[in-house]
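See below for work-v4.cif, which holds mmCIF, C-alpha atoms.
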data_final
loop_
_atom_site.label_atom_id
_atom_site.label_comp_id
_atom_site.auth_asym_id
_atom_site.auth_seq_id
_atom_site.Cartn_x
_atom_site.Cartn_y
_atom_site.Cartn_z
CA MET A 1 61.57 174.70 14.44
CA THR A 2 60.89 175.83 17.99
CA ASN A 3 61.67 173.32 20.72
CA THR A 4 58.46 172.88 22.74
CA THR A 5 59.85 170.27 25.15
CA PRO A 6 59.24 171.63 28.67
CA ARG A 7 62.31 172.14 30.82
CA VAL A 8 62.68 170.19 34.03
CA ASP A 9 62.69 173.12 36.42
CA SER A 10 63.55 173.37 40.10
CA ASP A 11 59.94 173.00 41.22
CA ALA A 12 59.55 169.71 39.34
CA ILE A 13 62.78 168.35 40.79
CA GLN A 14 61.89 169.32 44.35
CA SER A 15 58.42 167.84 43.92
CA GLN A 16 59.99 164.57 42.80
CA LEU A 17 62.33 164.55 45.80
CA ALA A 18 59.47 165.35 48.17
CA GLN A 19 57.54 162.27 47.01
CA LEU A 20 60.31 159.86 47.94
CA CYS A 21 59.98 157.67 51.01
CA LYS A 22 62.08 159.74 53.41
CA PRO A 23 61.86 162.95 55.46
CA PRO A 24 62.42 166.07 53.30
CA GLY A 25 66.10 166.93 52.96
CA SER A 26 67.19 163.96 55.04
CA LEU A 27 69.74 162.76 52.45
CA GLY A 28 71.53 166.09 52.47
CA MET A 29 74.17 166.49 49.77
CA ILE A 30 72.90 163.40 47.96
CA GLU A 31 69.71 165.33 47.30
CA PHE A 32 71.77 168.31 46.14
CA ALA A 33 73.67 166.02 43.77
CA ALA A 34 70.37 164.60 42.53
CA THR A 35 69.07 168.09 41.83
CA ARG A 36 72.16 168.99 39.83
CA LEU A 37 71.98 165.75 37.86
CA CYS A 38 68.37 166.46 36.95
CA GLU A 39 69.22 170.02 35.96
CA THR A 40 72.18 169.06 33.78
CA GLN A 41 70.44 166.14 32.07
CA GLN A 42 66.97 167.70 31.98
CA THR A 43 65.24 164.59 33.28
CA LEU A 44 63.86 163.34 36.59
CA HIS A 45 65.55 159.99 35.93
CA PRO A 46 69.22 160.89 35.33
CA GLN A 47 71.93 158.39 34.47
CA THR A 48 75.57 158.27 35.56
CA ARG A 49 76.70 155.48 33.24
CA PRO A 50 78.52 155.25 30.91
CA ARG A 51 81.04 157.75 32.28
CA HIS A 52 84.28 158.84 30.66
CA VAL A 53 87.53 160.30 32.02
CA THR A 54 89.99 162.10 29.74
CA VAL A 55 93.31 163.25 31.22
CA PHE A 56 95.19 165.84 29.14
CA ALA A 57 98.96 166.15 29.64
CA ALA A 58 101.31 169.01 28.77
CA ASP A 59 104.42 170.80 30.02
CA HIS A 60 104.91 174.41 31.10
CA GLY A 61 107.74 176.83 30.34
CA VAL A 62 107.24 178.67 33.63
CA THR A 63 108.84 175.77 35.50
CA CYS A 64 112.22 177.34 34.70
CA GLU A 65 111.29 180.07 37.21
CA GLY A 66 111.47 177.62 40.13
CA VAL A 67 107.74 177.57 40.85
CA THR A 68 107.55 173.81 41.38
CA ALA A 69 109.21 171.23 43.55
CA TRP A 70 109.62 168.92 40.55
CA PRO A 71 111.29 169.23 37.12
CA SER A 72 109.27 169.12 33.91
CA GLU A 73 110.57 165.63 33.14
CA VAL A 74 108.23 164.29 35.83
CA THR A 75 105.21 165.04 33.61
CA GLY A 76 106.26 162.51 31.00
CA ALA A 77 107.34 160.00 33.65
CA VAL A 78 103.90 160.11 35.28
CA VAL A 79 102.17 159.82 31.90
CA LYS A 80 104.12 156.63 31.25
CA VAL A 81 102.74 155.21 34.50
CA MET A 82 99.27 156.40 33.47
CA GLN A 83 99.58 154.08 30.48
CA THR A 84 99.74 151.16 32.90
CA GLY A 85 96.55 152.30 34.64
CA ARG A 86 98.36 152.50 37.99
CA THR A 87 98.24 156.21 38.82
CA ALA A 88 95.53 157.33 41.25
CA SER A 89 93.15 158.45 38.51
CA GLY A 90 93.57 155.21 36.56
CA VAL A 91 92.97 153.08 39.64
CA PHE A 92 89.99 155.19 40.71
CA ALA A 93 88.45 155.13 37.23
CA ARG A 94 88.83 151.37 36.91
CA THR A 95 87.38 150.79 40.38
CA LEU A 96 84.33 152.92 39.56
CA ASP A 97 83.81 151.53 36.06
CA ALA A 98 84.70 154.69 34.14
CA ASN A 99 86.29 154.69 30.70
CA TYR A 100 89.76 156.24 30.91
CA GLU A 101 92.17 157.75 28.42
CA VAL A 102 95.24 160.01 28.41
CA VAL A 103 95.91 162.60 25.72
CA ASP A 104 99.27 164.29 25.07
CA VAL A 105 98.54 167.88 24.03
CA GLY A 106 101.98 169.30 24.72
CA LEU A 107 104.53 167.11 26.49
CA LEU A 108 108.11 168.25 25.94
CA GLN A 109 108.90 164.82 24.56
CA SER A 110 106.42 162.53 22.84
CA ILE A 111 105.93 159.12 24.41
CA HIS A 112 105.96 156.04 22.25
CA ASN A 113 104.93 152.55 23.29
CA SER A 114 107.97 150.36 23.79
CA GLY A 115 108.17 146.62 23.34
CA ASP A 116 105.32 144.30 22.45
CA ALA A 117 103.22 144.90 25.55
CA VAL A 118 99.85 146.53 24.96
CA PRO A 119 99.36 149.46 27.36
CA ALA A 120 96.47 149.17 29.79
CA THR A 121 95.41 152.74 29.01
CA SER A 122 95.06 154.51 25.70
CA LEU A 123 97.58 157.33 25.13
CA ARG A 124 96.79 159.64 22.23
CA ASP A 125 99.48 161.91 20.82
CA ALA A 126 97.60 165.05 19.78
CA ALA A 127 100.37 167.59 20.43
CA LYS A 128 101.06 170.41 17.99
CA ARG A 129 103.35 172.37 20.29
CA ARG A 130 105.78 170.79 22.74
CA GLY A 131 105.26 172.69 25.98
CA THR A 132 104.35 176.34 26.53
CA ALA A 133 106.58 179.40 26.73
CA ASN A 134 107.44 181.04 30.05
CA LEU A 135 104.24 182.90 30.98
CA LEU A 136 106.16 185.23 33.29
CA ARG A 137 108.08 186.70 30.35
CA GLU A 138 105.82 186.22 27.31
CA ALA A 139 102.63 184.66 26.02
CA ALA A 140 102.43 180.99 26.92
CA MET A 141 101.11 180.09 23.46
CA ALA A 142 100.06 181.51 20.13
CA GLU A 143 96.41 181.75 19.13
CA SER A 144 96.91 178.85 16.71
CA ASP A 145 98.22 176.71 19.59
CA PHE A 146 95.16 177.64 21.66
CA ASP A 147 92.82 176.72 18.82
CA HIS A 148 94.52 173.37 18.30
CA ALA A 149 94.39 172.42 22.00
CA TRP A 150 90.74 173.53 22.23
CA ASP A 151 89.86 171.43 19.17
CA VAL A 152 91.56 168.39 20.71
CA GLY A 153 89.30 168.78 23.75
CA VAL A 154 86.24 169.14 21.53
CA GLU A 155 87.19 166.02 19.57
CA ARG A 156 87.64 163.93 22.72
CA ALA A 157 84.28 165.13 24.05
CA GLU A 158 82.62 164.15 20.79
CA ALA A 159 84.22 160.71 20.97
CA ALA A 160 82.86 160.20 24.50
CA ILE A 161 79.43 161.49 23.46
CA ALA A 162 79.42 159.07 20.52
CA GLU A 163 79.88 156.27 23.07
CA ASN A 164 76.78 157.57 24.90
CA SER A 165 78.73 158.78 27.92
CA GLN A 166 76.37 160.59 30.28
CA VAL A 167 79.01 162.03 32.62
CA LEU A 168 82.26 163.48 31.27
CA ILE A 169 85.22 164.10 33.55
CA GLY A 170 88.37 165.97 32.57
CA GLY A 171 91.73 165.66 34.28
CA GLU A 172 95.24 167.00 33.74
CA MET A 173 98.89 166.24 34.26
CA GLY A 174 101.52 168.93 33.90
CA ILE A 175 104.31 170.01 36.23
CA GLY A 176 103.87 173.75 36.77
CA ASN A 177 100.20 173.86 35.90
CA THR A 178 99.01 175.18 39.25
CA THR A 179 100.95 178.34 38.41
CA ALA A 180 99.18 178.66 35.04
CA ALA A 181 95.80 177.85 36.58
CA THR A 182 96.27 180.40 39.37
CA CYS A 183 97.22 183.10 36.86
CA LEU A 184 94.11 182.30 34.81
CA ILE A 185 91.89 182.47 37.88
CA GLY A 186 93.58 185.66 39.03
CA LEU A 187 92.76 187.32 35.71
CA LEU A 188 89.31 185.84 35.08
CA CYS A 189 87.95 185.99 38.65
CA GLU A 190 89.12 189.43 39.77
CA SER A 191 85.87 190.36 41.51
CA GLU A 192 85.94 187.12 43.54
CA ILE A 193 89.57 187.58 44.61
CA GLY A 194 89.97 191.23 45.47
CA SER A 195 93.29 193.03 45.55
CA ASN A 196 95.61 190.49 47.20
CA VAL A 197 96.39 188.02 44.43
CA ALA A 198 99.23 186.44 46.42
CA GLU A 199 96.73 184.93 48.85
CA ILE A 200 95.27 182.61 46.16
CA VAL A 201 98.66 181.03 45.38
CA GLY A 202 98.97 177.54 46.82
CA ARG A 203 101.75 175.04 47.39
CA GLY A 204 100.95 172.90 44.34
CA ALA A 205 102.87 169.64 44.51
CA GLY A 206 104.54 170.33 47.86
CA LEU A 207 106.38 173.67 48.02
CA ASP A 208 107.99 174.76 51.28
CA ASP A 209 107.45 178.28 52.68
CA GLN A 210 110.38 179.85 50.82
CA GLN A 211 109.36 178.25 47.51
CA LEU A 212 105.75 179.32 48.05
CA SER A 213 106.82 182.93 48.57
CA HIS A 214 108.76 182.83 45.30
CA LYS A 215 105.82 181.29 43.46
CA GLN A 216 103.59 184.06 44.77
CA GLN A 217 105.97 186.65 43.36
CA VAL A 218 105.98 184.93 39.96
CA VAL A 219 102.19 184.70 39.79
CA VAL A 220 101.70 188.33 40.84
CA ALA A 221 104.29 189.51 38.29
CA ALA A 222 102.75 187.42 35.49
CA ILE A 223 99.30 188.81 36.23
CA GLU A 224 100.65 192.35 36.32
CA ARG A 225 102.36 191.76 32.95
CA VAL A 226 99.06 190.75 31.37
CA ARG A 227 97.03 193.51 33.03
CA ALA A 228 99.49 196.07 31.67
CA MET A 229 98.51 194.99 28.15
CA GLY A 230 95.07 196.53 28.64
CA PRO A 231 91.67 194.84 28.31
CA LEU A 232 91.90 191.30 26.88
CA ASN A 233 89.20 188.76 26.16
CA ALA A 234 89.19 185.31 27.74
CA LYS A 235 90.88 183.62 24.79
CA GLN A 236 93.67 186.19 24.78
CA ILE A 237 94.16 185.68 28.53
CA GLY A 238 94.30 181.93 27.93
CA CYS A 239 97.03 182.45 25.35
CA GLU A 240 99.02 184.63 27.74
CA VAL A 241 99.00 182.49 30.88
CA GLY A 242 97.19 179.23 30.13
CA GLY A 243 98.41 175.72 29.56
CA LEU A 244 97.76 173.47 26.58
CA GLU A 245 96.10 170.85 28.79
CA ILE A 246 93.97 173.55 30.44
CA VAL A 247 92.75 174.81 27.07
CA ALA A 248 92.00 171.25 25.94
CA LEU A 249 89.96 170.73 29.11
CA ALA A 250 88.03 173.92 28.38
CA GLY A 251 87.24 172.68 24.89
CA LEU A 252 86.04 169.35 26.27
CA TYR A 253 83.80 171.09 28.82
CA ALA A 254 82.29 173.47 26.29
CA ARG A 255 81.46 170.70 23.80
CA ALA A 256 80.09 168.34 26.44
CA ALA A 257 77.90 171.12 27.82
CA GLN A 258 76.66 171.98 24.36
CA ALA A 259 75.58 168.35 23.96
CA GLY A 260 73.65 168.44 27.24
CA ARG A 261 75.96 166.06 29.10
CA THR A 262 76.81 166.28 32.80
CA VAL A 263 80.30 167.74 33.21
CA LEU A 264 81.92 166.71 36.50
CA ILE A 265 84.70 169.14 37.44
CA ASP A 266 87.91 168.30 39.34
CA GLY A 267 90.18 170.62 41.34
CA VAL A 268 91.87 173.97 40.84
CA ILE A 269 93.42 173.34 37.41
CA ALA A 270 90.30 171.73 35.98
CA THR A 271 88.17 174.51 37.47
CA SER A 272 90.38 177.17 35.89
CA ALA A 273 89.59 175.46 32.59
CA ALA A 274 85.90 175.51 33.51
CA VAL A 275 86.09 179.27 34.13
CA LEU A 276 87.82 179.71 30.76
CA ALA A 277 85.19 177.60 28.98
CA ASP A 278 82.33 179.54 30.55
CA ALA A 279 83.96 182.88 29.73
CA ILE A 280 84.29 181.91 26.06
CA HIS A 281 80.92 180.13 25.86
CA PRO A 282 78.65 181.71 28.50
CA GLY A 283 76.23 179.24 30.05
CA THR A 284 78.63 176.29 29.95
CA ARG A 285 78.63 176.28 33.75
CA ALA A 286 74.95 175.28 33.77
CA GLN A 287 76.06 171.75 32.83
CA MET A 288 78.77 171.54 35.48
CA ILE A 289 78.85 169.79 38.82
CA ALA A 290 81.83 170.52 41.08
CA GLY A 291 83.17 167.16 42.23
CA HIS A 292 85.25 168.29 45.19
CA ARG A 293 86.87 171.24 46.95
CA SER A 294 90.63 171.38 46.54
CA THR A 295 92.95 172.61 49.28
CA GLU A 296 94.46 175.03 46.72
CA PRO A 297 93.20 178.52 47.72
CA ALA A 298 92.51 179.67 44.15
CA HIS A 299 89.88 176.94 43.84
CA ASN A 300 87.40 178.79 46.05
CA ALA A 301 87.55 181.88 43.84
CA ALA A 302 86.97 179.80 40.71
CA LEU A 303 84.04 177.94 42.29
CA ALA A 304 82.53 181.27 43.34
CA LYS A 305 82.87 182.60 39.80
CA LEU A 306 81.02 179.56 38.45
CA GLN A 307 78.52 179.57 41.33
CA LEU A 308 79.23 175.91 42.01
CA MET A 309 79.13 174.06 45.33
CA PRO A 310 81.36 170.95 45.51
CA ILE A 311 79.88 167.55 46.30
CA VAL A 312 82.70 166.42 48.63
CA ASP A 313 85.62 167.92 50.53
CA LEU A 314 88.27 165.26 51.06
CA GLN A 315 91.24 167.62 51.50
CA MET A 316 92.62 166.52 48.12
CA ARG A 317 95.02 168.36 45.80
CA LEU A 318 96.37 165.73 43.42
CA GLY A 319 94.67 166.63 40.15
CA GLU A 320 94.47 164.00 37.38
CA ALA A 321 90.63 164.08 37.81
CA THR A 322 90.94 162.17 41.08
CA GLY A 323 88.69 164.47 43.11
CA ALA A 324 85.97 164.40 40.48
CA ILE A 325 86.14 160.62 40.21
CA ALA A 326 85.93 160.38 44.01
CA ALA A 327 82.57 162.17 43.82
CA LEU A 328 81.13 159.64 41.37
CA PRO A 329 79.73 157.29 44.05
CA ILE A 330 77.65 160.18 45.41
CA LEU A 331 76.25 160.83 41.94
CA ASP A 332 75.53 157.10 41.58
CA LEU A 333 73.58 157.12 44.84
CA ALA A 334 71.72 160.26 43.80
CA ALA A 335 70.63 158.70 40.51
CA ALA A 336 69.63 155.45 42.23
CA MET A 337 67.60 157.39 44.78
CA LEU A 338 65.62 159.15 42.06
CA CYS A 339 65.14 156.12 39.84
CA GLU A 340 64.58 153.32 42.36
CA MET A 341 63.31 154.59 45.70
CA ALA A 342 59.71 154.00 46.75
CA THR A 343 57.42 157.00 47.15
CA LEU A 344 55.37 158.09 50.13
CA GLY A 345 52.27 157.21 48.11
CA GLU A 346 53.30 153.56 48.18
CA LEU A 347 53.28 153.36 51.98
CA GLU A 348 50.57 151.18 53.50
CA LEU A 349 49.45 152.84 56.70
#

Translate the structure described by the file into structure tokens.
Amino acid sequence: MTNTTPRVDSDAIQSQLAQLCKPPGSLGMIEFAATRLCETQQTLHPQTRPRHVTVFAADHGVTCEGVTAWPSEVTGAVVKVMQTGRTASGVFARTLDANYEVVDVGLLQSIHNSGDAVPATSLRDAAKRRGTANLLREAAMAESDFDHAWDVGVERAEAAIAENSQVLIGGEMGIGNTTAATCLIGLLCESEIGSNVAEIVGRGAGLDDQQLSHKQQVVVAAIERVRAMGPLNAKQIGCEVGGLEIVALAGLYARAAQAGRTVLIDGVIATSAAVLADAIHPGTRAQMIAGHRSTEPAHNAALAKLQLMPIVDLQMRLGEATGAIAALPILDLAAAMLCEMATLGELEL
């Protein structure tokens, strides 16, 4: 059966905004956010609640190359704190009334609840593989590992959709994952980057100048390794240089977009997953809103690839979905503006 429901196009959205009791364009980026909400939800009365945050956690074999300021063990240590709801993303999500969960898709060591205390935050163990291989030397994961991580993301999206979540946010935790994300962006966004790949490599979780230079060399060498293999599709590139949490994020984004939900994107790692999702399922980006602009230089290339403009720029680079969650109040205001503001026609002159 052919769907005859008319689409809410740009003209209809702008007409709705023009009727509101305010000078045209006077609410700036809030009006931009309102437009994107209408486009992603295909309604002139979008909703931002319920909203759901899923943080995927995994470890990376490339950390043995000295690309991070922290050892891999920190990933699991942070995830344990996430269970208490006291990391930045947990605190932000609770403050802004967002459902919050953490999913292990590849920690080196599984985390089990200890004692009788009930964790404040759900931790799901969905790992098939414990960490990736060293992407500088070999493929980070097998195709079966990619498929499993993707399916975990799809399943968590479906769970959030079943709870009627209107806005889905994905986050990540994984020491070394800015290296994987930058390699992905370097390979999937070549036209946006140009020839100097080293310039998109950022400091991640606090590298000094010498460590940054080394990380640049590793990223360039890993990208050259993959390019030497000849033309690869997006999934193959994901297997070569991706991370299990990045692939899970991509699966979540693709499924949420397919269901017509608003997908609110976080920083450089989450956006690398968004690029991967859109490369595998073209059109996924139509459901995306970029929450914020990261200070990581690769983020700009990924945003350009997706043709997304971020809602806020707070000079953040934490990950964990924090930047996306920080943009939620703007989306709330945008939805309230559309649904509750008086119109010019109601003025009594």

_Residues matched by the PyMOL selection byres ((chain A and resi 162) around 12), written as JSON, numbers by chain_ = {"A": [50, 51, 52, 155, 156, 157, 158, 159, 160, 161, 163, 164, 165, 166, 168, 256, 259, 261]}

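Using all atoms listed in the file, the smallest distance between any of A:Thr35, A:Asn134, A:Thr54, A:Thr87 and Ala334 of chain A comes from A:Thr35.
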
*Using all atoms listed in the file, give me every residue within 6 Å of (86.3, 177.5, 29.3) in file coordinates, as a list of chain:residue names.*
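Here the neighbourhood of the point contains A:Ala250, A:Ala273, A:Ala274, A:Val275, A:Leu276, A:Ala277, A:Asp278, A:Ala279, A:Ile280.
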
_Contacts of Asp59 of chain A at 12 Å (all atoms listed in the file; same-chain gap of 2+ positions) as an NGL selection string_ = :A and (56-57 or 61-64 or 70-79 or 104-110 or 127 or 129-134 or 140-141 or 172-180 or 242-246)

_Applying 9 Å and only C-alpha atoms, which residues near Arg285 of chain A remain after dropping the ones on its own chain fewer than 3 positions away? List them as a PyMOL selection string._
chain A and resi 253-254+257+263+274-275+277-278+282+288-289+306-308

*asked:* I'd like to see the residues matched by the PyMOL selection byres ((chain A and resi 320) around 6) on this file, and ideally I'd get them as a PyMOL selection string.
replied: chain A and resi 89+171-173+319+321-322
